[in-house]
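**Student:** I'm passing along data11.txt; it holds compact mmCIF, C-alpha atoms and all ligand atoms.
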# COMPACT_ATOMS: atom_id res chain seq x y z
CA MET A 19 -15.14 -10.55 66.90
CA THR A 20 -18.75 -10.00 67.81
CA ASN A 21 -18.35 -9.89 71.58
CA ARG A 22 -15.46 -7.43 71.39
CA LYS A 23 -17.22 -4.47 69.87
CA MET A 24 -16.02 -1.06 70.90
CA ILE A 25 -18.39 1.51 72.39
CA TYR A 26 -16.25 4.45 71.36
CA GLU A 27 -13.92 4.41 68.37
CA ALA A 28 -10.43 3.56 69.62
CA ASP A 29 -7.92 1.77 67.40
CA GLU A 30 -8.91 -1.78 66.41
CA MET A 31 -5.57 -3.05 67.70
CA PHE A 32 -6.94 -2.90 71.25
CA PRO A 33 -9.94 -5.24 70.98
CA ASN A 34 -7.97 -7.33 68.48
CA ARG A 35 -5.44 -8.20 71.19
CA TRP A 36 -6.70 -11.11 73.21
CA SER A 37 -5.32 -14.07 75.14
CA PRO A 38 -5.88 -17.36 73.32
CA ARG A 39 -5.28 -20.82 74.77
CA LYS A 40 -4.97 -22.59 71.44
CA PHE A 41 -2.16 -21.99 69.02
CA ALA A 42 -0.59 -23.01 65.72
CA ASP A 43 2.22 -25.53 65.82
CA LYS A 44 4.87 -23.10 64.60
CA LYS A 45 8.19 -21.85 65.94
CA VAL A 46 8.69 -18.19 66.84
CA ASP A 47 11.65 -16.28 65.34
CA LYS A 48 14.17 -14.72 67.69
CA GLU A 49 14.08 -11.60 65.51
CA ASP A 50 10.34 -11.21 66.18
CA LEU A 51 10.91 -11.59 69.92
CA LEU A 52 13.54 -8.87 69.70
CA LYS A 53 11.08 -6.60 67.88
CA MET A 54 8.53 -7.20 70.63
CA VAL A 55 11.09 -6.30 73.28
CA GLU A 56 12.06 -3.25 71.22
CA ALA A 57 8.44 -2.10 71.58
CA ALA A 58 8.65 -2.72 75.33
CA ARG A 59 11.87 -0.70 75.48
CA TRP A 60 9.94 2.40 74.41
CA ALA A 61 7.37 2.14 77.19
CA PRO A 62 7.30 5.03 79.65
CA SER A 63 8.83 4.37 83.06
CA SER A 64 9.34 6.28 86.27
CA PHE A 65 12.76 8.06 86.17
CA ASN A 66 13.12 6.42 82.72
CA ALA A 67 14.58 3.51 84.70
CA GLN A 68 13.15 0.76 82.45
CA PRO A 69 12.96 -1.51 85.51
CA TYR A 70 11.93 -4.64 83.66
CA TYR A 71 13.19 -7.37 81.41
CA PHE A 72 11.95 -10.54 79.81
CA TYR A 73 13.48 -13.87 80.83
CA CYS A 74 12.83 -15.77 77.64
CA GLY A 75 12.40 -19.56 77.61
CA PHE A 76 13.37 -19.92 73.95
CA SER A 77 15.46 -23.08 73.61
CA GLU A 78 13.68 -26.36 74.24
CA GLU A 79 15.37 -26.60 77.61
CA GLY A 80 14.76 -22.97 78.59
CA ARG A 81 11.13 -23.16 77.58
CA SER A 82 10.54 -26.37 79.48
CA ARG A 83 12.07 -24.91 82.65
CA VAL A 84 9.55 -22.04 82.56
CA PHE A 85 6.79 -24.50 81.66
CA ASP A 86 7.54 -26.61 84.76
CA SER A 87 6.89 -23.58 86.96
CA LEU A 88 3.36 -23.02 85.62
CA VAL A 89 0.35 -24.15 87.64
CA GLU A 90 -1.39 -27.23 86.29
CA ALA A 91 -4.35 -25.32 84.83
CA ASN A 92 -1.97 -23.24 82.72
CA GLN A 93 0.22 -26.22 81.80
CA LYS A 94 -2.86 -27.81 80.23
CA TRP A 95 -3.28 -25.17 77.56
CA ALA A 96 0.38 -24.02 77.38
CA LYS A 97 1.84 -27.46 76.74
CA ASP A 98 2.72 -26.74 73.10
CA VAL A 99 3.46 -23.03 73.39
CA PRO A 100 6.86 -22.50 71.72
CA VAL A 101 8.06 -19.54 73.83
CA LEU A 102 7.40 -18.97 77.53
CA MET A 103 8.76 -15.88 79.23
CA TYR A 104 8.80 -14.29 82.62
CA LEU A 105 8.22 -10.59 82.96
CA VAL A 106 10.73 -9.47 85.58
CA ALA A 107 10.67 -6.15 87.45
CA GLU A 108 13.75 -4.75 89.17
CA LYS A 109 12.70 -3.75 92.67
CA LEU A 110 15.52 -1.33 93.38
CA LEU A 111 16.42 1.89 91.63
CA LYS A 112 19.94 1.85 90.17
CA ARG A 113 20.35 5.58 90.90
CA ASN A 114 20.11 5.24 94.70
CA GLY A 115 19.46 1.60 95.62
CA LYS A 116 16.06 2.52 97.04
CA GLU A 117 12.80 0.69 96.36
CA ASN A 118 11.21 1.54 93.02
CA LYS A 119 7.53 1.73 93.88
CA TYR A 120 6.63 1.93 90.21
CA ALA A 121 8.58 -1.09 88.99
CA ARG A 122 5.52 -3.31 88.54
CA PHE A 123 3.52 -0.46 87.02
CA ASP A 124 6.29 0.13 84.48
CA ALA A 125 6.68 -3.59 83.82
CA GLY A 126 2.94 -3.74 83.10
CA ALA A 127 3.23 -0.90 80.60
CA ALA A 128 6.12 -2.71 78.91
CA TRP A 129 4.13 -5.94 78.71
CA VAL A 130 1.24 -4.23 76.92
CA SER A 131 3.63 -2.74 74.38
CA LEU A 132 5.15 -6.18 73.85
CA ALA A 133 1.71 -7.76 73.46
CA LEU A 134 0.50 -5.20 70.92
CA GLN A 135 3.73 -5.47 68.91
CA ALA A 136 3.34 -9.26 68.96
CA ASN A 137 -0.07 -8.88 67.30
CA LYS A 138 1.43 -6.61 64.66
CA LEU A 139 3.86 -9.42 63.84
CA GLY A 140 1.02 -11.93 63.57
CA LEU A 141 1.80 -13.44 66.96
CA VAL A 142 -0.34 -13.73 70.08
CA THR A 143 0.49 -13.53 73.78
CA HIS A 144 -1.11 -14.71 76.98
CA ALA A 145 -0.02 -13.43 80.41
CA MET A 146 -0.22 -15.72 83.43
CA ALA A 147 -0.20 -15.06 87.15
CA GLY A 148 -0.60 -18.81 87.59
CA PHE A 149 2.96 -19.96 88.17
CA ILE A 150 4.80 -21.18 91.23
CA HIS A 151 6.92 -18.30 92.37
CA GLU A 152 9.51 -20.35 94.26
CA LYS A 153 10.10 -22.43 91.14
CA ALA A 154 10.38 -19.32 88.97
CA TYR A 155 13.06 -17.92 91.29
CA GLU A 156 14.87 -21.27 91.10
CA VAL A 157 14.67 -21.30 87.30
CA THR A 158 15.94 -17.74 86.89
CA GLY A 159 18.39 -17.74 89.79
CA LEU A 160 17.04 -14.29 90.71
CA SER A 161 16.86 -12.99 94.25
CA PRO A 162 13.32 -12.15 95.42
CA ASP A 163 14.87 -9.25 97.38
CA GLU A 164 15.91 -7.59 94.16
CA PHE A 165 13.49 -8.83 91.53
CA ASP A 166 9.77 -9.37 91.18
CA ILE A 167 8.79 -12.11 88.76
CA VAL A 168 5.57 -10.42 87.79
CA ALA A 169 4.01 -12.81 85.29
CA ALA A 170 4.69 -15.61 82.86
CA ILE A 171 3.92 -14.87 79.22
CA ALA A 172 3.12 -17.31 76.43
CA VAL A 173 4.11 -16.27 72.90
CA ALA A 174 2.91 -18.21 69.87
CA TYR A 175 1.23 -18.05 66.49
CA PRO A 176 -2.56 -18.16 66.60
CA GLU A 177 -4.62 -21.09 65.32
CA GLU A 178 -5.21 -20.80 61.59
CA GLU A 179 -8.95 -21.27 62.01
CA PRO A 180 -9.84 -19.82 65.43
CA THR A 181 -11.94 -22.21 67.55
CA GLU A 182 -12.06 -20.09 70.71
CA THR A 183 -14.32 -17.21 71.62
CA PRO A 184 -12.42 -14.24 73.05
CA THR A 185 -13.68 -12.70 76.27
CA PRO A 186 -16.02 -9.71 76.24
CA ARG A 187 -15.52 -6.82 78.69
CA LYS A 188 -17.25 -6.63 82.06
CA LYS A 189 -17.38 -2.85 82.24
CA THR A 190 -18.46 -0.19 79.81
CA THR A 191 -16.19 2.67 78.83
CA ASP A 192 -18.28 5.12 80.84
CA GLU A 193 -17.78 3.03 83.97
CA LEU A 194 -14.02 3.44 83.64
CA ILE A 195 -13.88 7.20 83.79
CA GLN A 196 -15.17 9.79 86.21
CA PHE A 197 -15.25 13.28 84.86
CA HIS A 198 -15.05 15.95 87.54
C1 LIG B 201 -1.49 -10.29 85.09
C2 LIG B 201 -2.34 -11.29 84.37
C3 LIG B 201 -2.43 -12.57 84.85
C4 LIG B 201 -3.17 -13.55 84.16
N1 LIG B 201 -3.12 -14.85 84.59
C5 LIG B 201 -3.69 -15.82 83.85
C6 LIG B 201 -3.49 -17.18 84.16
O1 LIG B 201 -2.79 -17.55 85.11
N2 LIG B 201 -4.11 -18.09 83.38
C7 LIG B 201 -4.87 -17.76 82.29
O2 LIG B 201 -5.35 -18.65 81.61
N3 LIG B 201 -5.04 -16.45 81.95
C8 LIG B 201 -4.48 -15.48 82.69
N4 LIG B 201 -4.60 -14.16 82.32
C9 LIG B 201 -5.38 -13.79 81.13
C10 LIG B 201 -6.65 -13.06 81.52
O3 LIG B 201 -7.59 -13.99 82.00
C11 LIG B 201 -7.17 -12.28 80.30
O4 LIG B 201 -6.24 -11.29 79.96
C12 LIG B 201 -8.52 -11.63 80.61
O5 LIG B 201 -9.53 -12.60 80.75
C13 LIG B 201 -8.94 -10.71 79.48
O6 LIG B 201 -8.99 -11.41 78.26
P1 LIG B 201 -8.15 -10.99 76.98
O7 LIG B 201 -6.69 -10.88 77.38
O8 LIG B 201 -8.38 -12.14 76.02
O9 LIG B 201 -8.68 -9.69 76.47
C14 LIG B 201 -3.89 -13.19 83.00
C15 LIG B 201 -3.80 -11.87 82.52
C16 LIG B 201 -3.04 -10.93 83.18
C17 LIG B 201 -2.94 -9.53 82.63
Output the structure of this file as structure tokens.

**Tutor:**
Amino acid sequence: MTNRKMIYEADEMFPNRWSPRKFADKKVDKEDLLKMVEAARWAPSSFNAQPYYFYCGFSEEGRSRVFDSLVEANQKWAKDVPVLMYLVAEKLLKRNGKENKYARFDAGAAWVSLALQANKLGLVTHAMAGFIHEKAYEVTGLSPDEFDIVAAIAVAYPEEEPTETPTPRKKTTDELIQFH
């Protein structure tokens, strides 16, 4: 991927993860989804609370309910995506019922683990902020007081012959760190 060259030598799995909008017409195995969530389970979290889970639109009906909550621009490219999830963060700590200020941070860490594991299984993912939150709460039956629906996530197999160009990066590595 010519526009995803690294400046410093990190592992290739990082630039190799990207968010396609075109996919193969192929079902995703439940076992592979469980392996992806297993990776997410090992993400670090504040108080080891694991304040996240994946609401997985897996059956035709489940998937189409999540699909209906996506904004039109995302529905255009996600129309044939076989699995559509929500990343859900639990707002309250089980240990004391107080707000968990790190719930979204931890959910984000879990999502990256899931995305990288997906790639290892030959799958691709694409996160979306573009969904209608009220609809997502209706679909899941979750209370917005207790749960944040952080993002929708598409899971699919990539196109056999890629026709898209992945994004480059806007910042250099040196712009992302300040040594003091
Ligand atoms: C939280 C989050 C929300 C995003 N929302 C959308 C979205 O609604 N629609 C979309 O097409 N891409 C969305 N993206 C994908 C980003 O545009 C993409 O990750 C970014 O351009 C970097 O490209 P890459 O993932 O291919 O490396 C989102 C990504 C993240 C992490």

**Student:** For a quick check of understanding, using all atoms listed in the file, which of A:Val106, A:Val99, A:Val46, A:Leu139 has the smallest distance to A:Ala169?

**Tutor:**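 So, comparing all the options, the nearest one is A:Val106.
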
**Student:** Write out as a list in words which residues come within 6 Å of stretch 68-80 of chain A when counting all atoms listed in the file, dropping same-chain ones fewer than 2 positions away.

**Tutor:**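 Here the answer would be Ser63, Asn66, Ser82, Arg83, Val101, Leu102, Met103, Tyr104, Leu105, Val106, Ala107, Glu108, Ala121 and Ala125 of chain A.
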
**Student:** Using Å and a single decimal, report how far atom C5 of ligand LIG 201 (chain B) sits from atom CA of A:Glu182.

**Tutor:**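 That distance, rounded to one decimal, is 16.2 Å.
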
**Student:** Step by step, measure atom-to-atom distances between ligand LIG 201 (chain B) and each residue using all atoms listed in the file, keep those at most 9 Å, then write them as a PyMOL selection string.

**Tutor:** chain A and resi 22+32-39+88-89+91-92+95-96+126+129-130+143-149+168-171+183-187

**Student:** May I ask which of the residues A:Glu49, A:Lys44, A:Met31, A:Ala61 is the closest one to A:Ala128, counting all atoms listed in the file?

**Tutor:**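 Of the candidates, the smallest distance to A:Ala128 is held by A:Ala61.
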
**Student:** Tell me, in Å to one decimal, how far atom CA of A:Met24 is from atom CA of A:Thr191.

**Tutor:**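 Pair atom CA of A:Met24 / atom CA of A:Thr191 returns 8.8 Å.
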
**Student:** When distances are computed from only C-alpha atoms, which of A:Leu52, A:Ala58, A:Ile167, A:Ala67 shows the smallest separation from A:Ser131?

**Tutor:** A:Ala58

**Student:** Specify the axis-aligned box that encloses all atoms of stretch 154-167 of chain A listed in the file after padding of 6 Å on each side, stating its centre and edge lengths in Å to one decimal as JSON.

**Tutor:**
{"center_x": 13.6, "center_y": -14.4, "center_z": 92.1, "size_x": 21.6, "size_y": 25.7, "size_z": 22.5}

**Student:** Record the distance separating atom CA of A:Ala57 and atom CA of A:Asn137, expressed in Å with one decimal.

**Tutor:**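 Atom CA of A:Ala57 sits 11.7 Å away from atom CA of A:Asn137.
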
**Student:** Using all atoms listed in the file, find the one residue out of A:Arg81, A:Arg59, A:His151, A:Lys188 that sits nearest to A:Lys97.

**Tutor:**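 The shortest atom-to-atom distance to A:Lys97 comes from A:Arg81.
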
**Student:** Counting all atoms listed in the file, note down every residue that has an atom within 6 Å of the point (6.6, -11.0, 71.2) (file coordinates), as an NGL selection string.

**Tutor:** :A and (51 or 54 or 132 or 136)

**Student:** Go through A:Ala127, A:Val55, A:Leu110, A:Leu141 one by one, measure the shortest atom-to-atom distance of each to A:Glu164 using only C-alpha atoms, and give the residue with the smallest value.

**Tutor:** A:Leu110

**Student:** Could N, CA and C atoms be built for stretch 157-187 of chain A and written out as a PDB file, in the coordinates of the input?

**Tutor:**
ATOM      1  N   VAL A 157      14.371 -21.242  88.736  1.00  0.00           N
ATOM      2  CA  VAL A 157      14.670 -21.300  87.300  1.00  0.00           C
ATOM      3  C   VAL A 157      15.573 -20.143  86.887  1.00  0.00           C
ATOM      4  N   THR A 158      15.224 -18.942  87.350  1.00  0.00           N
ATOM      5  CA  THR A 158      15.940 -17.740  86.890  1.00  0.00           C
ATOM      6  C   THR A 158      17.200 -17.476  87.706  1.00  0.00           C
ATOM      7  N   GLY A 159      17.253 -18.029  88.900  1.00  0.00           N
ATOM      8  CA  GLY A 159      18.390 -17.740  89.790  1.00  0.00           C
ATOM      9  C   GLY A 159      18.331 -16.334  90.352  1.00  0.00           C
ATOM     10  N   LEU A 160      17.159 -15.672  90.234  1.00  0.00           N
ATOM     11  CA  LEU A 160      17.040 -14.290  90.710  1.00  0.00           C
ATOM     12  C   LEU A 160      16.747 -14.259  92.210  1.00  0.00           C
ATOM     13  N   SER A 161      17.158 -13.158  92.839  1.00  0.00           N
ATOM     14  CA  SER A 161      16.860 -12.990  94.250  1.00  0.00           C
ATOM     15  C   SER A 161      15.527 -12.267  94.399  1.00  0.00           C
ATOM     16  N   PRO A 162      14.603 -12.826  95.207  1.00  0.00           N
ATOM     17  CA  PRO A 162      13.320 -12.150  95.420  1.00  0.00           C
ATOM     18  C   PRO A 162      13.477 -10.808  96.131  1.00  0.00           C
ATOM     19  N   ASP A 163      14.639 -10.562  96.752  1.00  0.00           N
ATOM     20  CA  ASP A 163      14.870  -9.250  97.380  1.00  0.00           C
ATOM     21  C   ASP A 163      15.072  -8.169  96.318  1.00  0.00           C
ATOM     22  N   GLU A 164      15.570  -8.585  95.181  1.00  0.00           N
ATOM     23  CA  GLU A 164      15.910  -7.590  94.160  1.00  0.00           C
ATOM     24  C   GLU A 164      14.978  -7.578  92.960  1.00  0.00           C
ATOM     25  N   PHE A 165      14.295  -8.717  92.743  1.00  0.00           N
ATOM     26  CA  PHE A 165      13.490  -8.830  91.530  1.00  0.00           C
ATOM     27  C   PHE A 165      12.102  -9.390  91.835  1.00  0.00           C
ATOM     28  N   ASP A 166      11.121  -8.828  91.163  1.00  0.00           N
ATOM     29  CA  ASP A 166       9.770  -9.370  91.180  1.00  0.00           C
ATOM     30  C   ASP A 166       9.564 -10.147  89.895  1.00  0.00           C
ATOM     31  N   ILE A 167       9.189 -11.406  89.995  1.00  0.00           N
ATOM     32  CA  ILE A 167       8.790 -12.110  88.760  1.00  0.00           C
ATOM     33  C   ILE A 167       7.289 -11.874  88.663  1.00  0.00           C
ATOM     34  N   VAL A 168       6.921 -10.979  87.779  1.00  0.00           N
ATOM     35  CA  VAL A 168       5.570 -10.420  87.790  1.00  0.00           C
ATOM     36  C   VAL A 168       4.566 -11.362  87.138  1.00  0.00           C
ATOM     37  N   ALA A 169       4.941 -11.937  86.021  1.00  0.00           N
ATOM     38  CA  ALA A 169       4.010 -12.810  85.290  1.00  0.00           C
ATOM     39  C   ALA A 169       4.799 -13.711  84.355  1.00  0.00           C
ATOM     40  N   ALA A 170       4.158 -14.798  83.970  1.00  0.00           N
ATOM     41  CA  ALA A 170       4.690 -15.610  82.860  1.00  0.00           C
ATOM     42  C   ALA A 170       3.920 -15.174  81.619  1.00  0.00           C
ATOM     43  N   ILE A 171       4.564 -15.308  80.471  1.00  0.00           N
ATOM     44  CA  ILE A 171       3.920 -14.870  79.220  1.00  0.00           C
ATOM     45  C   ILE A 171       4.138 -15.935  78.139  1.00  0.00           C
ATOM     46  N   ALA A 172       3.043 -16.381  77.563  1.00  0.00           N
ATOM     47  CA  ALA A 172       3.120 -17.310  76.430  1.00  0.00           C
ATOM     48  C   ALA A 172       3.171 -16.491  75.142  1.00  0.00           C
ATOM     49  N   VAL A 173       4.031 -16.909  74.219  1.00  0.00           N
ATOM     50  CA  VAL A 173       4.110 -16.270  72.900  1.00  0.00           C
ATOM     51  C   VAL A 173       4.016 -17.359  71.839  1.00  0.00           C
ATOM     52  N   ALA A 174       3.119 -17.174  70.891  1.00  0.00           N
ATOM     53  CA  ALA A 174       2.910 -18.210  69.870  1.00  0.00           C
ATOM     54  C   ALA A 174       2.229 -17.611  68.651  1.00  0.00           C
ATOM     55  N   TYR A 175       2.087 -18.437  67.629  1.00  0.00           N
ATOM     56  CA  TYR A 175       1.230 -18.050  66.490  1.00  0.00           C
ATOM     57  C   TYR A 175      -0.190 -18.522  66.777  1.00  0.00           C
ATOM     58  N   PRO A 176      -1.178 -17.753  66.332  1.00  0.00           N
ATOM     59  CA  PRO A 176      -2.560 -18.160  66.600  1.00  0.00           C
ATOM     60  C   PRO A 176      -2.972 -19.353  65.737  1.00  0.00           C
ATOM     61  N   GLU A 177      -4.019 -20.023  66.142  1.00  0.00           N
ATOM     62  CA  GLU A 177      -4.620 -21.090  65.320  1.00  0.00           C
ATOM     63  C   GLU A 177      -4.972 -20.504  63.955  1.00  0.00           C
ATOM     64  N   GLU A 178      -4.849 -21.322  62.923  1.00  0.00           N
ATOM     65  CA  GLU A 178      -5.210 -20.800  61.590  1.00  0.00           C
ATOM     66  C   GLU A 178      -6.698 -20.519  61.495  1.00  0.00           C
ATOM     67  N   GLU A 179      -7.503 -21.472  61.944  1.00  0.00           N
ATOM     68  CA  GLU A 179      -8.950 -21.270  62.010  1.00  0.00           C
ATOM     69  C   GLU A 179      -9.318 -21.169  63.482  1.00  0.00           C
ATOM     70  N   PRO A 180      -9.597 -19.960  63.988  1.00  0.00           N
ATOM     71  CA  PRO A 180      -9.840 -19.820  65.430  1.00  0.00           C
ATOM     72  C   PRO A 180     -11.043 -20.654  65.899  1.00  0.00           C
ATOM     73  N   THR A 181     -10.857 -21.389  66.992  1.00  0.00           N
ATOM     74  CA  THR A 181     -11.940 -22.210  67.550  1.00  0.00           C
ATOM     75  C   THR A 181     -12.371 -21.697  68.923  1.00  0.00           C
ATOM     76  N   GLU A 182     -11.717 -20.639  69.390  1.00  0.00           N
ATOM     77  CA  GLU A 182     -12.060 -20.090  70.710  1.00  0.00           C
ATOM     78  C   GLU A 182     -12.858 -18.795  70.554  1.00  0.00           C
ATOM     79  N   THR A 183     -13.616 -18.490  71.595  1.00  0.00           N
ATOM     80  CA  THR A 183     -14.320 -17.210  71.620  1.00  0.00           C
ATOM     81  C   THR A 183     -13.614 -16.288  72.601  1.00  0.00           C
ATOM     82  N   PRO A 184     -13.087 -15.160  72.122  1.00  0.00           N
ATOM     83  CA  PRO A 184     -12.420 -14.240  73.050  1.00  0.00           C
ATOM     84  C   PRO A 184     -13.391 -13.666  74.079  1.00  0.00           C
ATOM     85  N   THR A 185     -12.838 -13.233  75.192  1.00  0.00           N
ATOM     86  CA  THR A 185     -13.680 -12.700  76.270  1.00  0.00           C
ATOM     87  C   THR A 185     -14.289 -11.356  75.869  1.00  0.00           C
ATOM     88  N   PRO A 186     -15.482 -11.071  76.384  1.00  0.00           N
ATOM     89  CA  PRO A 186     -16.020  -9.710  76.240  1.00  0.00           C
ATOM     90  C   PRO A 186     -15.408  -8.827  77.336  1.00  0.00           C
ATOM     91  N   ARG A 187     -15.946  -7.659  77.565  1.00  0.00           N
ATOM     92  CA  ARG A 187     -15.520  -6.820  78.690  1.00  0.00           C
ATOM     93  C   ARG A 187     -16.646  -6.715  79.697  1.00  0.00           C
TER      94      ARG A 187
END
